[in-house]
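> For reference, the structure I am asking about is given below.
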Amino acid sequence: MTQQPIILVIDDEVRSQETLRRVLEDDYQVLCASSAEDAETILQSESVHLILCDQRMPGMTGVAFLTQAREKWPDAVRMIISGYTDSEDIIAGLNTAGIYRYITKPWDPGELLETVRDAIQLVDLQQDNANAALEIKQSAAFVEKRLRESKTRLKKCFDFSNIIHAPNSPMRGVLDLAAKGAVVDISVLITGESGTGKEILARAIHYNSGRADKSFVAENCGALPDELLESELFGCKKGAYTGAYEDRIGLFEKADGGTIFLDEIGETSPAFQVKLLRVLQDGEFRPLGSQRMRKVDVRVITATNRVLEKEIRAKRFREDLYYRLSAFPINLPPLRERPVDIPLLAENALKSIARQFDSPAQRFAPEVMSAFQHHPWPGNVREMQNEIQRMVALADGPVLGVEALSERMTSSAPLEAMLDKMVELDLDWKPIPGIGLREQVEMLERQILSAALARHKGNISRIAEEVGLSRVGLRSKLQRYDLARPN
């Protein structure tokens with residue numbers, strides 16, 4: 001301690017006071033009082049660490065005074081010195097006054113000094129414990145406050161109103177449906193093509209639900225083999241499989257009370273689906289290598305870009321699991337079906353990406369926005385964000401022109417322009433009354449792909465090269481139009 005501890009000696013005999021002072025003053029600051037009244041005055045003005053009190057004093061016994069001192073100054077250690085060995089006084093001192101030691105006269109200076117040192121160490125330890133408890137309490141309060149602030153920000157960030165869409169967008173109905181589903185504690189299945197924002201919608205559902213104050217955890221089920229996926233979701237015991245070097249808590253346990261989001265659920269194997277079904281039915285699971293079942297309360301939100309009804313017919317997905325997952329189905333439309341949202345999404349992405357890259361880019365040239373409006377966006381919003389990132393990286397001014405567009409955006413004319421040209425040249429194709437242009441474009445696109453499949457006998461590489469698509473983009477379109485390779 002930087003300052004000498006203070007010891008208060010209370011004794012009506014001045015000689016006894018001086019004897020105790022000589023023994024203690026080398027290591028401590030010693031204050032003396034001849035009566036209980038004098039001692040109380042000192043205690044009111046000084047931070048006394050230890051009270052060393054004689055038992056027999058005029059007007060009040062030492063035990064009686066220390067009992068009062070215990071109420072008013074509980075942090076001070078209390079000790080009694082007496083030339084009498086009255087067992088009742090000793091018991092009273094221990095029980096009512098909280099006496100640390102009862103020292104009998106004549107006392108040994110060395111033993112007294114050692115006893116006092118032990119008592120002072122106790123004071124230091126008590127103070128350290130009090131400080132640590134205060135720090136822990138303050139830290140816990142600080143952490144809790146930061147968590148509340150973080151959750152408030154997340155809830156605000158993932159409010160349904162922050163999901164960008166035009167007033168007349170197909171997304172309006174989707175978000176209204178999701179908002180209703182958020183407050184009902186049932187499983188949600190989100191379907192839609194890759195890149196449409198299924199995880200963002202899942203987070204919005206969580207942060208607008210009654211579980212918003214609990215955890216939201218996510219896992220891509222298509223990215224891991226069965227054993228690792230099971231370990232990731234359900235946890236494992238050390239040695240459960242090769243590479244399991246320690247016990248691991250699974251995501252279901254981490255999400256207890258909250259929400260777990262399982263993306264690409266259509267990619268899971270039938271064997272894994274059985275285990276997932278048990279969690280949904282019984283709310284319990286067994287970590288890999290463990291003999292003990294774990295009980296959890298978790299809301300499950302799943303997502304897939306597959307048509308699960310087709311997967312059921314093909315025996316690749318369990319029908320009973322499907323009905324458990326799809327209690328509240330929500331389908332996200334692809335970007336090509338919500339063209340009114342393209343300008344809003346593009347402009348918002350540009351602001352965010354330009355700020356992130358510290359770029360001078362501020363707006364798109366009209367030709368760029370026209371190209372965006374006519375592009376089919378097979379990768380949906382994710383593809384748009386990647387395209388804008390590339391454009392911003394190349395920007396050297398405030399306006400992003402067509403020269404910054406990638407080759408896939410400029411190498412082939414939009415289908416709408418091609419149809420206009422066919423009408424102008426009076427070719428075979430004719431507009432179909434009562435059907436919108438986009439639907440007619442999709443009908444033509446399906447015919448083109450179907451003919452290419454037959455012509456190239458299902459050779460994906462040749463078809464992709466002919467129609468100007470990547471292999472991934474081509475497979476996405478074939479799946480969308482339900483076109484299979486010829487046998």
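We name chains A, B, ... following the order of the structure tokens; residues begin at 1 in each chain, and ligands are numbered from 1 as shown.
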As a list in words, please: every residue in range 118-273 of chain A that DSSP puts in strand (DSSP E or B).

Val188, Leu189, Ile190, Thr191, Phe216, Val217, Ala218, Glu219, Asn220, Cys236, Arg248, Thr259, Ile260, Phe261, Leu262 and Asp263 of chain A

> Report as a list in words all protein, DNA and RNA residues lying within 6 Å of range 320-327 of chain A, evaluated on only C-alpha atoms, omitting residues in the same chain fewer than 5 positions from it.

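The contact residues come out as Ser187, Val188, Leu189 and Leu277 of chain A.
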
> Let me see the file: selected residues, C-alpha atoms, as an mmCIF file, in the first residue's frame.


```
data_model
loop_
_atom_site.group_PDB
_atom_site.id
_atom_site.type_symbol
_atom_site.label_atom_id
_atom_site.label_comp_id
_atom_site.auth_asym_id
_atom_site.auth_seq_id
_atom_site.Cartn_x
_atom_site.Cartn_y
_atom_site.Cartn_z
ATOM 1 C CA SER A 187 -40.323 -22.491 -39.103
ATOM 2 C CA VAL A 188 -39.807 -20.385 -42.225
ATOM 3 C CA LEU A 189 -38.649 -21.666 -45.620
ATOM 4 C CA LEU A 277 -35.884 -33.809 -38.481
#
```

> Arg101 in chain A: which residues within 8 Å, counting only C-alpha atoms, same-chain residues fewer than 6 positions away excluded, as a ChimeraX atom specification?

/A:78-80

> Taking only C-alpha atoms into account, which of A:Met443, A:Val467, A:Val48, A:Ala64 comes nearest Arg480 in chain A?

A:Met443

> Find the residues around range 381-397 of chain A up to 7 Å (only C-alpha atoms counted), leave out those fewer than 5 positions away in its own chain, and share them as a PyMOL selection string.

chain A and resi 195-196+335+349-350+353-354+359-361+404-405

> Figure out the distance between CA of Ile265 in chain A and CA of Arg286 in chain A, please, to one decimal in Å.

20.1 Å

> Could you name the residues that touch range 303-314 of chain A at 8 Å or less, counting only C-alpha atoms, but leaving out those on the same chain fewer than 2 positions away, as a list in words?

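Once the nearby chain positions are removed, what remains is Leu189, Ile190, Thr191, Gly192, Glu193, Ser194, Lys198, Glu199, Phe261, Leu262, Asp263, Glu264, Ile265, Gly266, Ile301, Arg316, Phe317, Arg318, Glu319 and Tyr322 of chain A.
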
> So which residues touch Gln121 in chain A within 12 Å, counting only C-alpha atoms, skipping near sequence neighbours fewer than 6 positions away, as JSON, numbers by chain?

{"A": [1, 5, 49, 50, 76, 77, 114, 115, 127, 128]}

> Step one, run DSSP on the backbone; step two, keep only residues of range 14-57 of chain A assigned to alpha helix (DSSP H); then write them as a PyMOL selection string.

chain A and resi 14-24+36-45
